[in-house]
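Below is entry.txt, which holds compact mmCIF, N, CA, C and O atoms.
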```txt
# COMPACT_ATOMS: atom_id res chain seq x y z
N MET A 1 34.59 88.05 101.42
CA MET A 1 35.99 87.89 101.17
C MET A 1 36.76 88.85 102.07
O MET A 1 36.48 90.02 102.11
N GLU A 2 37.71 88.35 102.78
CA GLU A 2 38.47 89.14 103.73
C GLU A 2 39.93 89.15 103.32
O GLU A 2 40.51 88.12 102.98
N VAL A 3 40.56 90.34 103.35
CA VAL A 3 41.96 90.49 102.94
C VAL A 3 42.77 90.88 104.15
O VAL A 3 42.40 91.79 104.89
N GLN A 4 43.85 90.18 104.35
CA GLN A 4 44.74 90.52 105.45
C GLN A 4 45.98 91.21 104.90
O GLN A 4 46.57 90.75 103.92
N VAL A 5 46.33 92.30 105.53
CA VAL A 5 47.52 93.04 105.11
C VAL A 5 48.57 92.89 106.20
O VAL A 5 48.29 93.14 107.37
N LYS A 6 49.71 92.47 105.82
CA LYS A 6 50.80 92.31 106.78
C LYS A 6 51.77 93.47 106.62
O LYS A 6 52.03 93.93 105.52
N ASP A 7 52.27 93.92 107.73
CA ASP A 7 53.28 94.97 107.70
C ASP A 7 54.65 94.32 107.52
O ASP A 7 55.33 93.99 108.48
N THR A 8 55.01 94.11 106.31
CA THR A 8 56.32 93.54 106.02
C THR A 8 57.10 94.53 105.18
O THR A 8 56.55 95.22 104.32
N VAL A 9 58.34 94.60 105.47
CA VAL A 9 59.22 95.47 104.70
C VAL A 9 60.02 94.58 103.77
O VAL A 9 60.80 93.74 104.21
N LEU A 10 59.80 94.78 102.53
CA LEU A 10 60.54 94.00 101.54
C LEU A 10 61.82 94.74 101.20
O LEU A 10 61.82 95.94 100.93
N THR A 11 62.88 94.03 101.24
CA THR A 11 64.15 94.62 100.84
C THR A 11 64.28 94.43 99.34
O THR A 11 64.37 93.29 98.87
N PRO A 12 64.25 95.53 98.61
CA PRO A 12 64.31 95.38 97.17
C PRO A 12 65.68 94.87 96.73
O PRO A 12 66.69 95.11 97.38
N ALA A 13 65.65 94.14 95.67
CA ALA A 13 66.90 93.64 95.10
C ALA A 13 67.70 94.83 94.60
O ALA A 13 67.15 95.83 94.16
N PRO A 14 69.01 94.75 94.70
CA PRO A 14 69.81 95.88 94.22
C PRO A 14 69.60 96.10 92.73
O PRO A 14 69.55 95.17 91.94
N LEU A 15 69.42 97.36 92.39
CA LEU A 15 69.25 97.70 90.99
C LEU A 15 70.58 97.82 90.27
O LEU A 15 70.66 97.70 89.06
N VAL A 16 71.63 98.06 91.04
CA VAL A 16 72.94 98.30 90.45
C VAL A 16 73.94 97.30 91.02
O VAL A 16 74.12 97.20 92.23
N LYS A 17 74.58 96.56 90.15
CA LYS A 17 75.64 95.62 90.51
C LYS A 17 76.77 95.81 89.52
O LYS A 17 76.54 96.14 88.36
N VAL A 18 77.98 95.58 89.99
CA VAL A 18 79.12 95.67 89.09
C VAL A 18 80.16 94.64 89.51
O VAL A 18 80.30 94.32 90.68
N SER A 19 80.83 94.12 88.53
CA SER A 19 81.99 93.27 88.79
C SER A 19 83.03 93.61 87.73
O SER A 19 82.70 93.82 86.56
N PHE A 20 84.25 93.71 88.16
CA PHE A 20 85.32 94.04 87.22
C PHE A 20 86.57 93.31 87.65
O PHE A 20 86.74 92.94 88.79
N SER A 21 87.44 93.09 86.67
CA SER A 21 88.69 92.39 86.96
C SER A 21 89.87 93.32 86.72
O SER A 21 89.92 94.05 85.74
N LEU A 22 90.77 93.29 87.67
CA LEU A 22 92.00 94.06 87.57
C LEU A 22 93.13 93.05 87.63
O LEU A 22 93.40 92.45 88.67
N GLY A 23 93.76 92.86 86.50
CA GLY A 23 94.77 91.82 86.43
C GLY A 23 94.11 90.47 86.57
O GLY A 23 93.15 90.15 85.86
N SER A 24 94.57 89.69 87.50
CA SER A 24 93.98 88.36 87.72
C SER A 24 92.95 88.38 88.84
O SER A 24 92.34 87.35 89.13
N GLU A 25 92.74 89.53 89.47
CA GLU A 25 91.81 89.62 90.58
C GLU A 25 90.45 90.13 90.10
O GLU A 25 90.37 91.00 89.25
N ILE A 26 89.39 89.55 90.65
CA ILE A 26 88.02 89.94 90.28
C ILE A 26 87.36 90.58 91.50
O ILE A 26 87.40 90.03 92.60
N TYR A 27 86.77 91.74 91.29
CA TYR A 27 86.10 92.47 92.35
C TYR A 27 84.64 92.66 91.98
O TYR A 27 84.29 92.77 90.81
N SER A 28 83.77 92.72 92.98
CA SER A 28 82.36 93.00 92.72
C SER A 28 81.83 93.91 93.83
O SER A 28 82.33 93.91 94.95
N ALA A 29 80.83 94.68 93.46
CA ALA A 29 80.20 95.58 94.42
C ALA A 29 78.75 95.73 94.01
O ALA A 29 78.39 95.59 92.84
N ASN A 30 77.91 95.99 94.99
CA ASN A 30 76.51 96.28 94.70
C ASN A 30 75.97 97.24 95.73
O ASN A 30 76.52 97.40 96.81
N ALA A 31 74.90 97.91 95.37
CA ALA A 31 74.26 98.87 96.26
C ALA A 31 72.88 98.35 96.60
O ALA A 31 72.12 97.96 95.71
N ASN A 32 72.56 98.33 97.87
CA ASN A 32 71.30 97.71 98.29
C ASN A 32 70.21 98.67 98.72
O ASN A 32 69.08 98.26 98.91
N ASN A 33 70.52 99.93 98.91
CA ASN A 33 69.48 100.80 99.46
C ASN A 33 69.41 102.11 98.68
O ASN A 33 70.35 102.52 98.04
N GLY A 34 68.25 102.74 98.77
CA GLY A 34 68.06 104.04 98.15
C GLY A 34 67.51 103.95 96.73
O GLY A 34 67.22 102.87 96.21
N THR A 35 67.38 105.12 96.16
CA THR A 35 66.90 105.18 94.79
C THR A 35 68.01 104.77 93.83
O THR A 35 69.15 104.55 94.25
N LEU A 36 67.68 104.71 92.58
CA LEU A 36 68.67 104.31 91.58
C LEU A 36 69.87 105.25 91.59
O LEU A 36 71.02 104.81 91.57
N SER A 37 69.62 106.55 91.63
CA SER A 37 70.74 107.50 91.62
C SER A 37 71.58 107.37 92.89
O SER A 37 72.81 107.48 92.83
N GLU A 38 70.96 107.12 94.04
CA GLU A 38 71.71 106.93 95.27
C GLU A 38 72.55 105.66 95.20
O GLU A 38 73.68 105.62 95.69
N GLN A 39 72.00 104.62 94.58
CA GLN A 39 72.75 103.38 94.42
C GLN A 39 73.94 103.59 93.49
O GLN A 39 75.02 103.05 93.73
N LEU A 40 73.75 104.39 92.44
CA LEU A 40 74.86 104.67 91.53
C LEU A 40 75.98 105.42 92.24
O LEU A 40 77.16 105.11 92.06
N VAL A 41 75.62 106.39 93.06
CA VAL A 41 76.62 107.15 93.81
C VAL A 41 77.36 106.23 94.77
O VAL A 41 78.58 106.27 94.89
N SER A 42 76.62 105.40 95.47
CA SER A 42 77.22 104.46 96.41
C SER A 42 78.16 103.50 95.71
O SER A 42 79.26 103.20 96.20
N LEU A 43 77.74 103.02 94.55
CA LEU A 43 78.56 102.09 93.79
C LEU A 43 79.82 102.76 93.27
O LEU A 43 80.90 102.16 93.24
N LYS A 44 79.71 104.01 92.87
CA LYS A 44 80.89 104.75 92.41
C LYS A 44 81.91 104.88 93.53
O LYS A 44 83.10 104.67 93.32
N GLU A 45 81.45 105.22 94.73
CA GLU A 45 82.35 105.34 95.87
C GLU A 45 83.02 104.01 96.19
O GLU A 45 84.22 103.95 96.47
N ALA A 46 82.26 102.94 96.14
CA ALA A 46 82.81 101.61 96.42
C ALA A 46 83.85 101.23 95.36
O ALA A 46 84.92 100.70 95.68
N SER A 47 83.55 101.53 94.10
CA SER A 47 84.48 101.21 93.02
C SER A 47 85.76 102.01 93.15
O SER A 47 86.86 101.48 92.94
N MET A 48 85.65 103.28 93.49
CA MET A 48 86.84 104.12 93.65
C MET A 48 87.69 103.62 94.82
O MET A 48 88.92 103.64 94.76
N SER A 49 87.05 103.17 95.86
CA SER A 49 87.79 102.62 97.00
C SER A 49 88.54 101.36 96.60
O SER A 49 89.71 101.18 96.97
N ILE A 50 87.89 100.50 95.84
CA ILE A 50 88.54 99.27 95.36
C ILE A 50 89.72 99.61 94.47
O ILE A 50 90.80 99.03 94.59
N LEU A 51 89.54 100.56 93.57
CA LEU A 51 90.63 100.96 92.68
C LEU A 51 91.80 101.55 93.45
O LEU A 51 92.96 101.27 93.16
N LYS A 52 91.50 102.37 94.45
CA LYS A 52 92.56 102.97 95.26
C LYS A 52 93.37 101.90 95.97
O LYS A 52 94.60 101.94 95.99
N GLU A 53 92.68 100.93 96.57
CA GLU A 53 93.37 99.85 97.26
C GLU A 53 94.21 99.02 96.30
O GLU A 53 95.33 98.63 96.62
N TYR A 54 93.68 98.76 95.10
CA TYR A 54 94.41 97.99 94.11
C TYR A 54 95.68 98.72 93.68
O TYR A 54 96.76 98.13 93.60
N ILE A 55 95.54 100.02 93.39
CA ILE A 55 96.70 100.80 92.96
C ILE A 55 97.74 100.87 94.07
O ILE A 55 98.94 100.72 93.83
N THR A 56 97.30 101.09 95.29
CA THR A 56 98.22 101.16 96.42
C THR A 56 98.94 99.83 96.61
O THR A 56 100.14 99.78 96.88
N LYS A 57 98.21 98.75 96.44
CA LYS A 57 98.78 97.41 96.64
C LYS A 57 99.79 97.06 95.56
O LYS A 57 100.83 96.47 95.84
N HIS A 58 99.52 97.44 94.31
CA HIS A 58 100.35 97.02 93.20
C HIS A 58 101.33 98.07 92.70
O HIS A 58 102.10 97.81 91.78
N ASN A 59 101.34 99.25 93.28
CA ASN A 59 102.24 100.30 92.84
C ASN A 59 103.49 100.26 93.70
O ASN A 59 103.50 100.72 94.82
N VAL A 60 104.56 99.71 93.15
CA VAL A 60 105.82 99.63 93.87
C VAL A 60 106.67 100.81 93.41
O VAL A 60 107.01 100.91 92.24
N PRO A 61 107.01 101.72 94.31
CA PRO A 61 107.79 102.88 93.89
C PRO A 61 109.22 102.47 93.53
O PRO A 61 109.78 101.54 94.11
N ASN A 62 109.77 103.15 92.56
CA ASN A 62 111.16 102.91 92.19
C ASN A 62 112.05 103.49 93.27
O ASN A 62 111.80 104.55 93.80
N ASP A 63 113.11 102.78 93.59
CA ASP A 63 114.05 103.28 94.58
C ASP A 63 114.93 104.33 93.91
O ASP A 63 115.75 104.01 93.06
N VAL A 64 114.72 105.57 94.28
CA VAL A 64 115.50 106.66 93.72
C VAL A 64 116.37 107.20 94.85
O VAL A 64 115.87 107.67 95.86
N PRO A 65 117.69 107.11 94.67
CA PRO A 65 118.56 107.61 95.73
C PRO A 65 118.47 109.13 95.85
O PRO A 65 118.22 109.82 94.87
N ASP A 66 118.66 109.62 97.06
CA ASP A 66 118.62 111.06 97.29
C ASP A 66 119.80 111.76 96.64
O ASP A 66 119.71 112.88 96.17
N GLU A 67 120.96 111.11 96.64
CA GLU A 67 122.16 111.68 96.05
C GLU A 67 122.69 110.72 95.00
O GLU A 67 122.52 109.52 95.09
N PRO A 68 123.35 111.26 93.98
CA PRO A 68 123.94 110.38 92.96
C PRO A 68 124.99 109.46 93.59
O PRO A 68 125.64 109.83 94.57
N LEU A 69 125.14 108.29 93.03
CA LEU A 69 126.05 107.31 93.59
C LEU A 69 127.51 107.63 93.32
O LEU A 69 128.38 107.16 94.03
N ASP A 70 127.82 108.43 92.29
CA ASP A 70 129.21 108.70 91.95
C ASP A 70 129.87 109.72 92.87
O ASP A 70 131.07 109.92 92.82
N GLY A 71 129.14 110.38 93.73
CA GLY A 71 129.70 111.30 94.69
C GLY A 71 130.08 112.64 94.09
O GLY A 71 130.85 113.38 94.68
N SER A 72 129.57 112.96 92.93
CA SER A 72 129.94 114.21 92.27
C SER A 72 129.39 115.43 93.00
O SER A 72 129.93 116.52 92.87
N SER A 73 128.35 115.28 93.76
CA SER A 73 127.77 116.44 94.44
C SER A 73 128.70 116.98 95.52
O SER A 73 128.81 118.17 95.71
N SER A 74 129.44 116.11 96.22
CA SER A 74 130.35 116.59 97.25
C SER A 74 131.55 117.29 96.62
O SER A 74 132.09 118.23 97.18
N GLU A 75 131.96 116.84 95.45
CA GLU A 75 133.06 117.50 94.74
C GLU A 75 132.64 118.90 94.32
O GLU A 75 133.42 119.84 94.40
N ASN A 76 131.42 119.05 93.86
CA ASN A 76 130.93 120.36 93.44
C ASN A 76 130.85 121.31 94.63
O ASN A 76 131.14 122.49 94.51
N ASP A 77 130.45 120.81 95.78
CA ASP A 77 130.36 121.65 96.97
C ASP A 77 131.74 122.14 97.38
O ASP A 77 131.93 123.29 97.75
N ASP A 78 132.75 121.25 97.30
CA ASP A 78 134.12 121.64 97.65
C ASP A 78 134.64 122.69 96.68
O ASP A 78 135.33 123.63 97.08
N ALA A 79 134.34 122.53 95.40
CA ALA A 79 134.81 123.48 94.40
C ALA A 79 134.18 124.85 94.62
O ALA A 79 134.85 125.87 94.44
N LEU A 80 132.95 124.89 95.01
CA LEU A 80 132.30 126.17 95.25
C LEU A 80 132.87 126.87 96.48
O LEU A 80 132.97 128.09 96.53
N GLU A 81 133.27 126.10 97.47
CA GLU A 81 133.84 126.69 98.68
C GLU A 81 135.22 127.27 98.43
O GLU A 81 135.63 128.21 99.09
N LYS A 82 135.97 126.73 97.49
CA LYS A 82 137.34 127.16 97.24
C LYS A 82 137.46 128.30 96.24
O LYS A 82 138.55 128.76 95.96
N LEU A 83 136.37 128.76 95.67
CA LEU A 83 136.44 129.86 94.71
C LEU A 83 136.92 131.12 95.41
O LEU A 83 136.50 131.42 96.53
N PRO A 84 137.82 131.87 94.74
CA PRO A 84 138.29 133.11 95.37
C PRO A 84 137.16 134.14 95.43
O PRO A 84 136.36 134.26 94.52
N VAL A 85 137.12 134.85 96.52
CA VAL A 85 136.10 135.86 96.71
C VAL A 85 136.76 137.22 96.52
O VAL A 85 137.77 137.53 97.14
N LYS A 86 136.19 138.02 95.62
CA LYS A 86 136.73 139.36 95.37
C LYS A 86 136.23 140.28 96.48
O LYS A 86 135.06 140.28 96.81
N SER A 87 137.14 141.02 97.02
CA SER A 87 136.73 141.95 98.05
C SER A 87 136.28 143.26 97.40
O SER A 87 136.83 143.69 96.40
N LYS A 88 135.30 143.86 97.97
CA LYS A 88 134.80 145.11 97.46
C LYS A 88 135.48 146.26 98.21
O LYS A 88 135.45 146.28 99.43
N LYS A 89 136.09 147.14 97.45
CA LYS A 89 136.72 148.29 98.07
C LYS A 89 135.86 149.51 97.82
O LYS A 89 135.43 149.74 96.69
N THR A 90 135.64 150.23 98.82
CA THR A 90 134.85 151.46 98.66
C THR A 90 135.80 152.62 98.44
O THR A 90 136.85 152.72 99.06
N LYS A 91 135.41 153.47 97.52
CA LYS A 91 136.23 154.65 97.24
C LYS A 91 135.73 155.81 98.11
O LYS A 91 134.55 156.09 98.14
N ILE A 92 136.68 156.43 98.75
CA ILE A 92 136.34 157.58 99.55
C ILE A 92 136.87 158.81 98.82
O ILE A 92 138.05 158.91 98.54
N ASN A 93 136.03 159.71 98.49
CA ASN A 93 136.45 160.92 97.78
C ASN A 93 136.72 162.05 98.69
O ASN A 93 136.26 162.39 99.65
```
Can the structure in the file be given as structure tokens, please?
Amino acid sequence: MEVQVKDTVLTPAPLVKVSFSLGSEIYSANANNGTLSEQLVSLKEASMSILKEYITKHNVPNDVPDEPLDGSSSENDDALEKLPVKSKKTKIN
């Protein structure tokens, strides 16, 4: 009986797969190489990247004006400029 051994590299099936839905969108990721712990780390990084992109895409900042619309800040500036300034007199003995 003769046994032949072939040098083949089998790509193991991923041990870690994940799919999650954010709103109406469905995302999936899997890790294909390394040990189980390496696959978990890789999957965590991929998931965080997906979450970052989702948040960036769906986070619309509120338009906040730099100055109030009623113009009260310019009135306050004018009032501060018109305040009388007391002069300091030095006493000479």
Legend entry - Separation of atom CA of Lys17 of chain A from atom CA of Gln39 of chain A in Å: 9.2 Å
Legend entry - Distance in Å - atom N of Glu38 of chain A versus atom N of Glu53 of chain A: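 So the two atoms, atom N of Glu38 of chain A and atom N of Glu53 of chain A, lie 22.7 Å apart.
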Inset, instruction - Excluding Leu15 of chain A and residues on its chain fewer than 3 positions from it, collect all residues at most 8 Å away from it, counting all atoms listed in the file, and give them as a ChimeraX atom specification. - result: /A:12,18,30-36,39-40
Inset, instruction - Identify, with DSSP run on backbone atoms, the residues in segment 21-57 of chain A assigned to strand (DSSP E), and express the list as a ChimeraX atom specification. - result: /A:21-22,25-31
Legend entry - Atomic separation - atom C of Lys57 of chain A relative to atom O of Ser42 of chain A, Å: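 Atom-to-atom, atom O of Ser42 of chain A and atom C of Lys57 of chain A are spaced 21.4 Å apart.
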